[in-house]
>>> print(open('work_0.pdb').read())   # PDB, C-alpha atoms and all ligand atoms
ATOM      1  CA  MET M1432     -16.314   4.155 -30.844  1.00  0.00           C
ATOM      2  CA  SER M1433     -17.738   7.546 -31.647  1.00  0.00           C
ATOM      3  CA  PHE M1434     -21.353   8.387 -32.433  1.00  0.00           C
ATOM      4  CA  ALA M1435     -21.779   8.996 -36.171  1.00  0.00           C
ATOM      5  CA  ALA M1436     -24.601  11.259 -37.302  1.00  0.00           C
ATOM      6  CA  SER M1437     -25.520  11.657 -40.961  1.00  0.00           C
ATOM      7  CA  VAL M1438     -28.118  14.332 -41.654  1.00  0.00           C
ATOM      8  CA  LEU M1439     -29.933  14.555 -44.989  1.00  0.00           C
ATOM      9  CA  THR M1440     -31.154  18.072 -45.605  1.00  0.00           C
ATOM     10  CA  LEU M1441     -31.820  20.795 -48.170  1.00  0.00           C
ATOM     11  CA  TYR M1442     -29.931  23.172 -45.837  1.00  0.00           C
ATOM     12  CA  PRO M1443     -26.596  21.575 -44.861  1.00  0.00           C
ATOM     13  CA  GLU M1444     -25.413  25.073 -43.822  1.00  0.00           C
ATOM     14  CA  MET M1445     -27.671  24.718 -40.761  1.00  0.00           C
ATOM     15  CA  PHE M1446     -25.233  22.094 -39.383  1.00  0.00           C
ATOM     16  CA  PRO M1447     -23.482  21.856 -37.000  1.00  0.00           C
ATOM     17  CA  GLY M1448     -25.033  25.263 -36.184  1.00  0.00           C
ATOM     18  CA  ALA M1449     -25.592  25.517 -32.462  1.00  0.00           C
ATOM     19  CA  LEU M1450     -23.931  22.122 -32.052  1.00  0.00           C
ATOM     20  CA  GLY M1451     -20.589  23.603 -33.125  1.00  0.00           C
ATOM     21  CA  LEU M1452     -20.434  25.521 -29.825  1.00  0.00           C
ATOM     22  CA  SER M1453     -20.160  24.711 -26.137  1.00  0.00           C
ATOM     23  CA  LEU M1454     -20.174  21.071 -24.944  1.00  0.00           C
ATOM     24  CA  ALA M1455     -21.364  19.581 -28.242  1.00  0.00           C
ATOM     25  CA  GLY M1456     -18.884  21.646 -30.258  1.00  0.00           C
ATOM     26  CA  ARG M1457     -15.954  20.608 -28.108  1.00  0.00           C
ATOM     27  CA  ALA M1458     -17.030  16.955 -28.332  1.00  0.00           C
ATOM     28  CA  LEU M1459     -17.302  17.293 -32.118  1.00  0.00           C
ATOM     29  CA  GLU M1460     -13.756  18.666 -32.284  1.00  0.00           C
ATOM     30  CA  ALA M1461     -12.526  15.922 -29.955  1.00  0.00           C
ATOM     31  CA  GLY M1462     -14.080  13.241 -32.207  1.00  0.00           C
ATOM     32  CA  THR M1463     -16.524  11.986 -29.577  1.00  0.00           C
ATOM     33  CA  TRP M1464     -19.124  12.278 -32.305  1.00  0.00           C
ATOM     34  CA  SER M1465     -19.073  13.068 -36.004  1.00  0.00           C
ATOM     35  CA  LEU M1466     -21.523  14.907 -38.207  1.00  0.00           C
ATOM     36  CA  GLN M1467     -21.981  14.580 -41.937  1.00  0.00           C
ATOM     37  CA  ALA M1468     -24.528  16.975 -43.482  1.00  0.00           C
ATOM     38  CA  ILE M1469     -25.614  15.720 -46.888  1.00  0.00           C
ATOM     39  CA  GLN M1470     -27.306  17.922 -49.510  1.00  0.00           C
ATOM     40  CA  ILE M1471     -30.357  16.038 -50.768  1.00  0.00           C
ATOM     41  CA  ARG M1472     -30.319  18.087 -53.982  1.00  0.00           C
ATOM     42  CA  ASP M1473     -27.082  16.372 -55.018  1.00  0.00           C
ATOM     43  CA  PHE M1474     -29.181  13.240 -55.650  1.00  0.00           C
ATOM     44  CA  ALA M1475     -31.723  14.840 -57.997  1.00  0.00           C
ATOM     45  CA  SER M1476     -31.497  13.715 -61.609  1.00  0.00           C
ATOM     46  CA  ASP M1477     -32.623  16.777 -63.568  1.00  0.00           C
ATOM     47  CA  LYS M1478     -30.653  19.904 -64.304  1.00  0.00           C
ATOM     48  CA  HIS M1479     -32.829  22.002 -61.961  1.00  0.00           C
ATOM     49  CA  ARG M1480     -31.967  19.583 -59.147  1.00  0.00           C
ATOM     50  CA  THR M1481     -35.657  19.113 -58.305  1.00  0.00           C
ATOM     51  CA  VAL M1482     -36.420  17.296 -55.051  1.00  0.00           C
ATOM     52  CA  ASP M1483     -40.184  17.879 -54.745  1.00  0.00           C
ATOM     53  CA  ASP M1484     -43.381  17.693 -56.761  1.00  0.00           C
ATOM     54  CA  THR M1485     -47.090  18.434 -56.391  1.00  0.00           C
ATOM     55  CA  PRO M1486     -49.136  16.169 -54.100  1.00  0.00           C
ATOM     56  CA  ALA M1487     -50.964  13.258 -55.701  1.00  0.00           C
ATOM     57  CA  GLY M1488     -54.676  13.890 -55.208  1.00  0.00           C
ATOM     58  CA  GLY M1489     -54.186  17.651 -55.248  1.00  0.00           C
ATOM     59  CA  GLY M1490     -53.969  20.224 -52.489  1.00  0.00           C
ATOM     60  CA  ALA M1491     -51.547  22.832 -51.297  1.00  0.00           C
ATOM     61  CA  GLY M1492     -47.777  22.599 -51.068  1.00  0.00           C
ATOM     62  CA  MET M1493     -45.182  20.194 -52.364  1.00  0.00           C
ATOM     63  CA  VAL M1494     -44.039  16.694 -51.407  1.00  0.00           C
ATOM     64  CA  MET M1495     -40.444  15.443 -51.333  1.00  0.00           C
ATOM     65  CA  ARG M1496     -39.892  12.757 -53.954  1.00  0.00           C
ATOM     66  CA  ALA M1497     -39.302   9.141 -52.891  1.00  0.00           C
ATOM     67  CA  ASP M1498     -36.808   8.399 -55.682  1.00  0.00           C
ATOM     68  CA  VAL M1499     -34.499  11.330 -54.913  1.00  0.00           C
ATOM     69  CA  LEU M1500     -34.631  10.712 -51.146  1.00  0.00           C
ATOM     70  CA  ALA M1501     -33.965   6.977 -51.620  1.00  0.00           C
ATOM     71  CA  LYS M1502     -30.758   7.758 -53.526  1.00  0.00           C
ATOM     72  CA  ALA M1503     -29.647  10.131 -50.775  1.00  0.00           C
ATOM     73  CA  ILE M1504     -30.407   7.610 -48.027  1.00  0.00           C
ATOM     74  CA  ASP M1505     -28.716   4.751 -49.868  1.00  0.00           C
ATOM     75  CA  HIS M1506     -25.616   6.904 -50.229  1.00  0.00           C
ATOM     76  CA  ALA M1507     -25.587   7.944 -46.544  1.00  0.00           C
ATOM     77  CA  SER M1508     -26.628   4.551 -45.195  1.00  0.00           C
ATOM     78  CA  PRO M1509     -25.770   1.601 -47.445  1.00  0.00           C
ATOM     79  CA  PRO M1510     -27.202  -1.852 -46.637  1.00  0.00           C
ATOM     80  CA  GLY M1511     -25.557  -3.193 -43.484  1.00  0.00           C
ATOM     81  CA  ASP M1512     -25.269   0.227 -41.829  1.00  0.00           C
ATOM     82  CA  PRO M1513     -26.292  -0.568 -38.224  1.00  0.00           C
ATOM     83  CA  ARG M1514     -27.525   2.969 -37.501  1.00  0.00           C
ATOM     84  CA  PRO M1515     -31.245   3.628 -37.106  1.00  0.00           C
ATOM     85  CA  ARG M1516     -32.800   5.761 -39.854  1.00  0.00           C
ATOM     86  CA  LEU M1517     -34.925   8.532 -38.468  1.00  0.00           C
ATOM     87  CA  LEU M1518     -37.335  10.915 -40.143  1.00  0.00           C
ATOM     88  CA  MET M1519     -38.077  14.088 -38.219  1.00  0.00           C
ATOM     89  CA  SER M1520     -41.862  14.360 -38.417  1.00  0.00           C
ATOM     90  CA  PRO M1521     -44.725  15.873 -36.395  1.00  0.00           C
ATOM     91  CA  ARG M1522     -46.570  12.589 -36.950  1.00  0.00           C
ATOM     92  CA  GLY M1523     -43.803  10.616 -35.269  1.00  0.00           C
ATOM     93  CA  LYS M1524     -43.516   9.188 -31.786  1.00  0.00           C
ATOM     94  CA  PRO M1525     -42.726  12.039 -29.385  1.00  0.00           C
ATOM     95  CA  LEU M1526     -39.011  12.016 -28.514  1.00  0.00           C
ATOM     96  CA  THR M1527     -38.335  10.907 -24.930  1.00  0.00           C
ATOM     97  CA  GLN M1528     -35.258  10.837 -22.719  1.00  0.00           C
ATOM     98  CA  ALA M1529     -35.419   7.014 -22.899  1.00  0.00           C
ATOM     99  CA  ARG M1530     -35.189   7.068 -26.723  1.00  0.00           C
ATOM    100  CA  VAL M1531     -32.398   9.672 -26.530  1.00  0.00           C
ATOM    101  CA  ARG M1532     -30.468   7.434 -24.134  1.00  0.00           C
ATOM    102  CA  ALA M1533     -30.911   4.389 -26.388  1.00  0.00           C
ATOM    103  CA  LEU M1534     -29.640   6.386 -29.378  1.00  0.00           C
ATOM    104  CA  ALA M1535     -26.630   7.604 -27.373  1.00  0.00           C
ATOM    105  CA  ASP M1536     -25.809   3.973 -26.517  1.00  0.00           C
ATOM    106  CA  GLY M1537     -25.829   3.048 -30.227  1.00  0.00           C
ATOM    107  CA  PRO M1538     -23.505   3.623 -33.202  1.00  0.00           C
ATOM    108  CA  GLY M1539     -25.182   6.823 -34.435  1.00  0.00           C
ATOM    109  CA  ALA M1540     -28.167   7.865 -36.518  1.00  0.00           C
ATOM    110  CA  VAL M1541     -29.129   8.705 -40.071  1.00  0.00           C
ATOM    111  CA  ILE M1542     -31.555  11.616 -39.886  1.00  0.00           C
ATOM    112  CA  LEU M1543     -33.786  12.811 -42.696  1.00  0.00           C
ATOM    113  CA  CYS M1544     -35.075  16.378 -42.404  1.00  0.00           C
ATOM    114  CA  GLY M1545     -38.369  17.023 -44.176  1.00  0.00           C
ATOM    115  CA  ARG M1546     -39.416  20.289 -45.820  1.00  0.00           C
ATOM    116  CA  PHE M1547     -42.601  21.462 -47.577  1.00  0.00           C
ATOM    117  CA  GLU M1548     -45.610  19.221 -46.767  1.00  0.00           C
ATOM    118  CA  GLY M1549     -43.395  16.252 -45.942  1.00  0.00           C
ATOM    119  CA  VAL M1550     -42.077  13.183 -47.757  1.00  0.00           C
ATOM    120  CA  ASP M1551     -43.664  10.548 -50.006  1.00  0.00           C
ATOM    121  CA  GLN M1552     -45.107   7.789 -47.803  1.00  0.00           C
ATOM    122  CA  ARG M1553     -43.535   5.033 -49.950  1.00  0.00           C
ATOM    123  CA  LEU M1554     -40.047   6.250 -49.036  1.00  0.00           C
ATOM    124  CA  ILE M1555     -40.851   5.949 -45.303  1.00  0.00           C
ATOM    125  CA  GLU M1556     -41.987   2.357 -45.802  1.00  0.00           C
ATOM    126  CA  ALA M1557     -39.340   1.286 -48.309  1.00  0.00           C
ATOM    127  CA  ARG M1558     -36.406   2.507 -46.203  1.00  0.00           C
ATOM    128  CA  GLY M1559     -37.902   1.616 -42.805  1.00  0.00           C
ATOM    129  CA  LEU M1560     -37.774   5.151 -41.410  1.00  0.00           C
ATOM    130  CA  GLU M1561     -38.649   5.704 -37.756  1.00  0.00           C
ATOM    131  CA  GLU M1562     -40.689   8.910 -37.505  1.00  0.00           C
ATOM    132  CA  VAL M1563     -39.675  11.062 -34.545  1.00  0.00           C
ATOM    133  CA  SER M1564     -41.470  14.191 -33.338  1.00  0.00           C
ATOM    134  CA  VAL M1565     -40.045  16.871 -31.055  1.00  0.00           C
ATOM    135  CA  GLY M1566     -43.482  18.080 -29.968  1.00  0.00           C
ATOM    136  CA  ASP M1567     -47.044  18.846 -30.916  1.00  0.00           C
ATOM    137  CA  PHE M1568     -46.349  21.869 -33.092  1.00  0.00           C
ATOM    138  CA  ILE M1569     -45.301  22.379 -36.700  1.00  0.00           C
ATOM    139  CA  LEU M1570     -41.803  23.525 -37.657  1.00  0.00           C
ATOM    140  CA  SER M1571     -41.008  24.764 -41.149  1.00  0.00           C
ATOM    141  CA  GLY M1572     -38.472  21.982 -41.562  1.00  0.00           C
ATOM    142  CA  GLY M1573     -36.881  18.998 -39.845  1.00  0.00           C
ATOM    143  CA  GLU M1574     -33.506  20.713 -39.309  1.00  0.00           C
ATOM    144  CA  PRO M1575     -34.243  22.385 -35.957  1.00  0.00           C
ATOM    145  CA  ALA M1576     -35.798  19.103 -34.800  1.00  0.00           C
ATOM    146  CA  ALA M1577     -32.639  17.200 -35.814  1.00  0.00           C
ATOM    147  CA  LEU M1578     -30.507  19.727 -33.911  1.00  0.00           C
ATOM    148  CA  VAL M1579     -32.697  19.225 -30.836  1.00  0.00           C
ATOM    149  CA  LEU M1580     -32.394  15.435 -31.059  1.00  0.00           C
ATOM    150  CA  LEU M1581     -28.623  15.512 -31.582  1.00  0.00           C
ATOM    151  CA  ASP M1582     -28.097  18.005 -28.755  1.00  0.00           C
ATOM    152  CA  ALA M1583     -29.959  15.709 -26.366  1.00  0.00           C
ATOM    153  CA  VAL M1584     -27.970  12.659 -27.541  1.00  0.00           C
ATOM    154  CA  VAL M1585     -24.508  14.223 -27.643  1.00  0.00           C
ATOM    155  CA  ARG M1586     -24.576  15.492 -24.060  1.00  0.00           C
ATOM    156  CA  LEU M1587     -25.020  11.869 -22.938  1.00  0.00           C
ATOM    157  CA  LEU M1588     -21.985  10.541 -24.835  1.00  0.00           C
ATOM    158  CA  PRO M1589     -19.129   9.424 -22.581  1.00  0.00           C
ATOM    159  CA  GLY M1590     -16.909  12.313 -21.522  1.00  0.00           C
ATOM    160  CA  VAL M1591     -19.108  15.101 -22.900  1.00  0.00           C
ATOM    161  CA  MET M1592     -20.575  16.305 -19.626  1.00  0.00           C
ATOM    162  CA  GLY M1593     -18.015  17.131 -17.004  1.00  0.00           C
ATOM    163  CA  ASN M1594     -20.168  16.044 -14.104  1.00  0.00           C
ATOM    164  CA  ALA M1595     -21.820  12.732 -15.007  1.00  0.00           C
ATOM    165  CA  VAL M1596     -23.985  12.722 -11.898  1.00  0.00           C
ATOM    166  CA  SER M1597     -25.879  15.818 -12.955  1.00  0.00           C
ATOM    167  CA  GLY M1598     -27.123  13.949 -16.028  1.00  0.00           C
ATOM    168  CA  GLU M1599     -28.720  11.266 -13.955  1.00  0.00           C
ATOM    169  CA  GLU M1600     -30.528  13.614 -11.599  1.00  0.00           C
ATOM    170  CA  GLU M1601     -32.163  15.579 -14.353  1.00  0.00           C
ATOM    171  CA  SER M1602     -35.819  15.960 -15.253  1.00  0.00           C
ATOM    172  CA  PHE M1603     -37.320  12.747 -16.763  1.00  0.00           C
ATOM    173  CA  GLU M1604     -34.376  10.493 -15.826  1.00  0.00           C
ATOM    174  CA  ASN M1605     -36.311   9.203 -12.800  1.00  0.00           C
ATOM    175  CA  GLY M1606     -39.825   9.841 -14.106  1.00  0.00           C
ATOM    176  CA  LEU M1607     -40.035  13.214 -12.332  1.00  0.00           C
ATOM    177  CA  LEU M1608     -39.456  16.855 -13.170  1.00  0.00           C
ATOM    178  CA  GLU M1609     -36.420  18.207 -11.365  1.00  0.00           C
ATOM    179  CA  HIS M1610     -36.607  20.137  -8.076  1.00  0.00           C
ATOM    180  CA  PRO M1611     -36.016  23.938  -8.123  1.00  0.00           C
ATOM    181  CA  HIS M1612     -32.474  25.340  -7.979  1.00  0.00           C
ATOM    182  CA  TYR M1613     -31.007  28.210  -5.972  1.00  0.00           C
ATOM    183  CA  THR M1614     -27.623  29.876  -5.707  1.00  0.00           C
ATOM    184  CA  ARG M1615     -26.120  33.010  -4.152  1.00  0.00           C
ATOM    185  CA  PRO M1616     -27.076  35.662  -3.174  1.00  0.00           C
ATOM    186  CA  GLN M1617     -28.679  34.313  -0.029  1.00  0.00           C
ATOM    187  CA  GLU M1618     -31.476  36.863  -0.434  1.00  0.00           C
ATOM    188  CA  PHE M1619     -32.802  38.184  -3.739  1.00  0.00           C
ATOM    189  CA  GLU M1620     -35.401  40.985  -3.774  1.00  0.00           C
ATOM    190  CA  GLY M1621     -36.627  39.905  -0.368  1.00  0.00           C
ATOM    191  CA  ARG M1622     -36.747  36.194  -1.270  1.00  0.00           C
ATOM    192  CA  PRO M1623     -34.434  33.981   0.794  1.00  0.00           C
ATOM    193  CA  ILE M1624     -33.090  30.571  -0.263  1.00  0.00           C
ATOM    194  CA  PRO M1625     -35.202  27.870   1.501  1.00  0.00           C
ATOM    195  CA  ASP M1626     -33.656  27.197   4.944  1.00  0.00           C
ATOM    196  CA  VAL M1627     -33.277  23.468   4.418  1.00  0.00           C
ATOM    197  CA  LEU M1628     -30.822  24.036   1.552  1.00  0.00           C
ATOM    198  CA  ILE M1629     -28.410  25.907   3.783  1.00  0.00           C
ATOM    199  CA  SER M1630     -28.883  23.557   6.746  1.00  0.00           C
ATOM    200  CA  GLY M1631     -26.009  21.303   5.689  1.00  0.00           C
ATOM    201  CA  ASN M1632     -28.235  18.273   6.467  1.00  0.00           C
ATOM    202  CA  HIS M1633     -27.798  16.180   3.324  1.00  0.00           C
ATOM    203  CA  LYS M1634     -30.523  13.694   4.168  1.00  0.00           C
ATOM    204  CA  LYS M1635     -33.065  16.483   4.763  1.00  0.00           C
ATOM    205  CA  ILE M1636     -31.958  18.207   1.578  1.00  0.00           C
ATOM    206  CA  ALA M1637     -32.440  15.034  -0.454  1.00  0.00           C
ATOM    207  CA  GLU M1638     -35.889  14.502   1.075  1.00  0.00           C
ATOM    208  CA  TRP M1639     -36.881  18.127   0.369  1.00  0.00           C
ATOM    209  CA  ARG M1640     -35.720  17.911  -3.228  1.00  0.00           C
ATOM    210  CA  ARG M1641     -37.617  14.709  -3.848  1.00  0.00           C
ATOM    211  CA  ALA M1642     -40.799  16.112  -2.262  1.00  0.00           C
ATOM    212  CA  GLU M1643     -40.503  19.256  -4.409  1.00  0.00           C
ATOM    213  CA  ALA M1644     -39.929  17.135  -7.516  1.00  0.00           C
ATOM    214  CA  ILE M1645     -43.042  15.079  -6.826  1.00  0.00           C
ATOM    215  CA  LYS M1646     -45.116  18.199  -6.080  1.00  0.00           C
ATOM    216  CA  LEU M1647     -43.968  19.909  -9.272  1.00  0.00           C
ATOM    217  CA  THR M1648     -44.602  16.825 -11.377  1.00  0.00           C
ATOM    218  CA  ARG M1649     -48.091  16.384  -9.904  1.00  0.00           C
ATOM    219  CA  GLU M1650     -48.899  20.051 -10.672  1.00  0.00           C
ATOM    220  CA  ARG M1651     -47.404  20.320 -14.128  1.00  0.00           C
ATOM    221  CA  ARG M1652     -47.102  16.846 -15.616  1.00  0.00           C
ATOM    222  CA  PRO M1653     -49.455  14.403 -13.896  1.00  0.00           C
ATOM    223  CA  ASP M1654     -49.155  12.276 -17.059  1.00  0.00           C
ATOM    224  CA  LEU M1655     -45.567  11.413 -16.054  1.00  0.00           C
ATOM    225  CA  LEU M1656     -46.702  10.044 -12.683  1.00  0.00           C
ATOM    226  CA  ALA M1657     -49.471   8.029 -14.317  1.00  0.00           C
ATOM    227  CA  SER M1658     -47.259   6.401 -16.938  1.00  0.00           C
ATOM    228  CA  ASP M1659     -44.153   5.785 -14.834  1.00  0.00           C
ATOM    229  CA  PRO M1660     -44.431   5.859 -11.023  1.00  0.00           C
ATOM    230  CA  PRO M1661     -41.437   7.629  -9.408  1.00  0.00           C
ATOM    231  CA  ARG M1662     -38.422   5.470  -8.666  1.00  0.00           C
TER     232      ARG M1662
HETATM  233  N1  LIG M1701     -47.670  18.788 -43.495  1.00  0.00           N
HETATM  234  C1  LIG M1701     -47.018  18.217 -42.362  1.00  0.00           C
HETATM  235  C2  LIG M1701     -46.040  19.194 -41.724  1.00  0.00           C
HETATM  236  C3  LIG M1701     -44.819  19.490 -42.573  1.00  0.00           C
HETATM  237  S1  LIG M1701     -43.689  20.524 -41.762  1.00  0.00           S
HETATM  238  C4  LIG M1701     -48.055  17.788 -41.317  1.00  0.00           C
HETATM  239  O1  LIG M1701     -49.077  18.455 -41.200  1.00  0.00           O
HETATM  240  O2  LIG M1701     -47.848  16.790 -40.621  1.00  0.00           O
HETATM  241  C5  LIG M1701     -42.231  20.246 -42.717  1.00  0.00           C
HETATM  242  C6  LIG M1701     -41.198  19.330 -42.103  1.00  0.00           C
HETATM  243  O3  LIG M1701     -40.773  19.871 -40.853  1.00  0.00           O
HETATM  244  C7  LIG M1701     -41.657  17.917 -41.781  1.00  0.00           C
HETATM  245  O4  LIG M1701     -41.541  17.078 -42.906  1.00  0.00           O
HETATM  246  C8  LIG M1701     -40.696  17.503 -40.671  1.00  0.00           C
HETATM  247  O5  LIG M1701     -39.487  17.006 -41.196  1.00  0.00           O
HETATM  248  C9  LIG M1701     -40.429  18.820 -39.970  1.00  0.00           C
HETATM  249  N2  LIG M1701     -41.198  18.980 -38.724  1.00  0.00           N
HETATM  250  C10 LIG M1701     -42.215  19.860 -38.529  1.00  0.00           C
HETATM  251  N3  LIG M1701     -42.709  19.770 -37.280  1.00  0.00           N
HETATM  252  C11 LIG M1701     -41.972  18.826 -36.639  1.00  0.00           C
HETATM  253  C12 LIG M1701     -42.008  18.270 -35.323  1.00  0.00           C
HETATM  254  N4  LIG M1701     -42.895  18.680 -34.418  1.00  0.00           N
HETATM  255  N5  LIG M1701     -41.107  17.304 -35.020  1.00  0.00           N
HETATM  256  C13 LIG M1701     -40.215  16.870 -35.935  1.00  0.00           C
HETATM  257  N6  LIG M1701     -40.149  17.352 -37.203  1.00  0.00           N
HETATM  258  C14 LIG M1701     -41.010  18.314 -37.562  1.00  0.00           C
END
>>> encode(input="work_0.pdb", output="structure tokens", more="lines below")
Ligand code: SAH
Amino acid sequence: MSFAASVLTLYPEMFPGALGLSLAGRALEAGTWSLQAIQIRDFASDKHRTVDDTPAGGGAGMVMRADVLAKAIDHASPPGDPRPRLLMSPRGKPLTQARVRALADGPGAVILCGRFEGVDQRLIEARGLEEVSVGDFILSGGEPAALVLLDAVVRLLPGVMGNAVSGEEESFENGLLEHPHYTRPQEFEGRPIPDVLISGNHKKIAEWRRAEAIKLTRERRPDLLASDPPR
């Protein structure tokens, strides 16, 4: 069964975007996953196709209307749709490789992309949206965040990555950042490849890589070691 993504957006032209190329693009063509980009404006009820209004309580910016978004979601994801409904949001739980893997193991995702100041809180509650953040910074809209999430998910779908092993050795998969990489030439601007990597001793190489991974993680992301001791 293929992974079915439905994206609700004011800019459907942004999809598949970067995901139409390379691994994800080939998998899309092969039917390993599908992508439906839905124009939220099609669910507005006035002739100006209005999707937003001024914030209750005052203040800057505009808020996306619950009633219009509910119609769009109910169209994309009728009752009984087993797919999780996500809202890209800087207030959400930060996206992790574990969540990405769980999504890739599931039937797909319905993804709402916010714009302006965000969406009416009642919509989030009424449609049980899971808020997902791609990092502690503010984007101008949820579309790039949705592309990031889908890219991470699609590469894990069966058959998408040529070499399945490389997926499992990557940063975060074992609670560590990945070791450094080298390739030819043997010497670059006076810097040689570390001797151990050309020793041909696979046990030593594995030990070196793991030690480097632990060192790097301790230096850059001690939080990873604290929350999830290396396996
Ligand atoms: N006023 C909001 C930010 C709105 S940004 C706040 O301060 O929390 C507009 C839209 O961009 C959001 O509704 C969301 O869909 C998207 N977005 C912005 N930053 C994001 C992030 N870090 N992760 C996921 N989505 C984000």
>>> resolve_selection(input="work_0.pdb", expression="the PyMOL selection byres (((not hetatm)) within 8 of (chain M and resi 1701))", output="compact mmCIF listing (two decimals) with C-alpha atoms, keeping the file's coordinate frame")
# COMPACT_ATOMS: atom_id res chain seq x y z
CA LEU M 1518 -37.34 10.92 -40.14
CA MET M 1519 -38.08 14.09 -38.22
CA SER M 1520 -41.86 14.36 -38.42
CA PRO M 1521 -44.72 15.87 -36.40
CA ARG M 1522 -46.57 12.59 -36.95
CA GLY M 1523 -43.80 10.62 -35.27
CA PRO M 1525 -42.73 12.04 -29.38
CA LEU M 1543 -33.79 12.81 -42.70
CA CYS M 1544 -35.08 16.38 -42.40
CA GLY M 1545 -38.37 17.02 -44.18
CA ARG M 1546 -39.42 20.29 -45.82
CA PHE M 1547 -42.60 21.46 -47.58
CA GLU M 1548 -45.61 19.22 -46.77
CA GLY M 1549 -43.40 16.25 -45.94
CA VAL M 1550 -42.08 13.18 -47.76
CA VAL M 1563 -39.67 11.06 -34.54
CA SER M 1564 -41.47 14.19 -33.34
CA VAL M 1565 -40.04 16.87 -31.06
CA GLY M 1566 -43.48 18.08 -29.97
CA ASP M 1567 -47.04 18.85 -30.92
CA PHE M 1568 -46.35 21.87 -33.09
CA ILE M 1569 -45.30 22.38 -36.70
CA LEU M 1570 -41.80 23.52 -37.66
CA SER M 1571 -41.01 24.76 -41.15
CA GLY M 1572 -38.47 21.98 -41.56
CA GLY M 1573 -36.88 19.00 -39.84
CA GLU M 1574 -33.51 20.71 -39.31
CA PRO M 1575 -34.24 22.38 -35.96
CA ALA M 1576 -35.80 19.10 -34.80
CA ALA M 1577 -32.64 17.20 -35.81
>>> closest_residue(input="work_0.pdb", among="M:Leu1588, M:Lys1634, M:Asp1483, M:Val1499", to="M:Ala1533", atoms="only C-alpha atoms")
M:Leu1588
>>> resolve_selection(input="work_0.pdb", expression="the PyMOL selection byres (((chain M and resi 1643-1653) around 6) and not hetatm)", output="JSON, numbers by chain")
{"M": [1607, 1608, 1609, 1610, 1640, 1641, 1642, 1654, 1655, 1656]}
>>> closest_residue(input="work_0.pdb", among="M:Val1494, M:Ala1540, M:Leu1500, M:Leu1450", to="M:Arg1472", atoms="only C-alpha atoms")
M:Leu1500
>>> closest_atom_pairs(input="work_0.pdb", of="stretch 1578-1608 of chain M", to="stretch 1456-1460 of chain M", cutoff="12 Å", atoms="only C-alpha atoms", output="CSV")
residue,atom,partner,partner_atom,distance
M:Leu1581,CA,M:Leu1459,CA,11.5
M:Asp1582,CA,M:Gly1456,CA,10.0
M:Val1584,CA,M:Ala1458,CA,11.8
M:Val1585,CA,M:Ala1458,CA,8.0
M:Arg1586,CA,M:Ala1458,CA,8.8
M:Leu1587,CA,M:Ala1458,CA,10.9
M:Leu1588,CA,M:Ala1458,CA,8.8
M:Pro1589,CA,M:Ala1458,CA,9.7
M:Gly1590,CA,M:Ala1458,CA,8.2
M:Val1591,CA,M:Ala1458,CA,6.1
M:Met1592,CA,M:Ala1458,CA,9.4
M:Gly1593,CA,M:Ala1458,CA,11.4
>>> write_last_selection(input="work_0.pdb", atoms="C-alpha atoms", output="PDB file, keeping the file's coordinate frame")
ATOM      1  CA  LEU M1581     -28.623  15.512 -31.582  1.00  0.00           C
ATOM      2  CA  ASP M1582     -28.097  18.005 -28.755  1.00  0.00           C
ATOM      3  CA  VAL M1584     -27.970  12.659 -27.541  1.00  0.00           C
ATOM      4  CA  VAL M1585     -24.508  14.223 -27.643  1.00  0.00           C
ATOM      5  CA  ARG M1586     -24.576  15.492 -24.060  1.00  0.00           C
ATOM      6  CA  LEU M1587     -25.020  11.869 -22.938  1.00  0.00           C
ATOM      7  CA  LEU M1588     -21.985  10.541 -24.835  1.00  0.00           C
ATOM      8  CA  PRO M1589     -19.129   9.424 -22.581  1.00  0.00           C
ATOM      9  CA  GLY M1590     -16.909  12.313 -21.522  1.00  0.00           C
ATOM     10  CA  VAL M1591     -19.108  15.101 -22.900  1.00  0.00           C
ATOM     11  CA  MET M1592     -20.575  16.305 -19.626  1.00  0.00           C
ATOM     12  CA  GLY M1593     -18.015  17.131 -17.004  1.00  0.00           C
TER      13      GLY M1593
END
>>> closest_residue(input="work_0.pdb", among="M:Ala1657, M:Ile1555, M:Ile1542, M:Ala1583", to="M:Ile1469", atoms="all atoms listed in the file")
M:Ile1542
>>> atom_distance(input="work_0.pdb", atom1="atom CA of M:Arg1530", atom2="atom CA of M:Leu1580")
9.8 Å
>>> closest_residue(input="work_0.pdb", among="M:Arg1553, M:Phe1603, M:Lys1502, M:Leu1466", to="M:Arg1532", atoms="all atoms listed in the file")
M:Phe1603
>>> axis_aligned_box(input="work_0.pdb", around="stretch 1518-1531 of chain M", padding_each_side="3 Å", output="AutoDock Vina command-line options")
--center_x -39.5 --center_y 11.4 --center_z -31.4 --size_x 20.2 --size_y 14.9 --size_z 23.4
>>> atom_distance(input="work_0.pdb", atom1="atom CA of M:Leu1628", atom2="atom CA of M:Gln1528")
28.0 Å
>>> resolve_selection(input="work_0.pdb", expression="the PyMOL selection byres (((chain M and resi 1473) around 10) and not hetatm)", output="list of chain:residue names")
M:Leu1441, M:Ile1469, M:Gln1470, M:Ile1471, M:Arg1472, M:Phe1474, M:Ala1475, M:Ser1476, M:Arg1480, M:Thr1481, M:Val1482, M:Val1499, M:Lys1502, M:Ala1503
>>> residues_around(input="work_0.pdb", residues="M:Tyr1613", least_positions_apart="2", cutoff="10 Å", atoms="all atoms listed in the file", output="JSON, numbers by chain")
{"M": [1611, 1615, 1616, 1617, 1623, 1624, 1625, 1628]}
>>> write_last_selection(input="work_0.pdb", atoms="C-alpha atoms", output="PDB file, in the frame of the given file")
ATOM      1  CA  PRO M1611     -36.016  23.938  -8.123  1.00  0.00           C
ATOM      2  CA  ARG M1615     -26.120  33.010  -4.152  1.00  0.00           C
ATOM      3  CA  PRO M1616     -27.076  35.662  -3.174  1.00  0.00           C
ATOM      4  CA  GLN M1617     -28.679  34.313  -0.029  1.00  0.00           C
ATOM      5  CA  PRO M1623     -34.434  33.981   0.794  1.00  0.00           C
ATOM      6  CA  ILE M1624     -33.090  30.571  -0.263  1.00  0.00           C
ATOM      7  CA  PRO M1625     -35.202  27.870   1.501  1.00  0.00           C
ATOM      8  CA  LEU M1628     -30.822  24.036   1.552  1.00  0.00           C
TER       9      LEU M1628
END
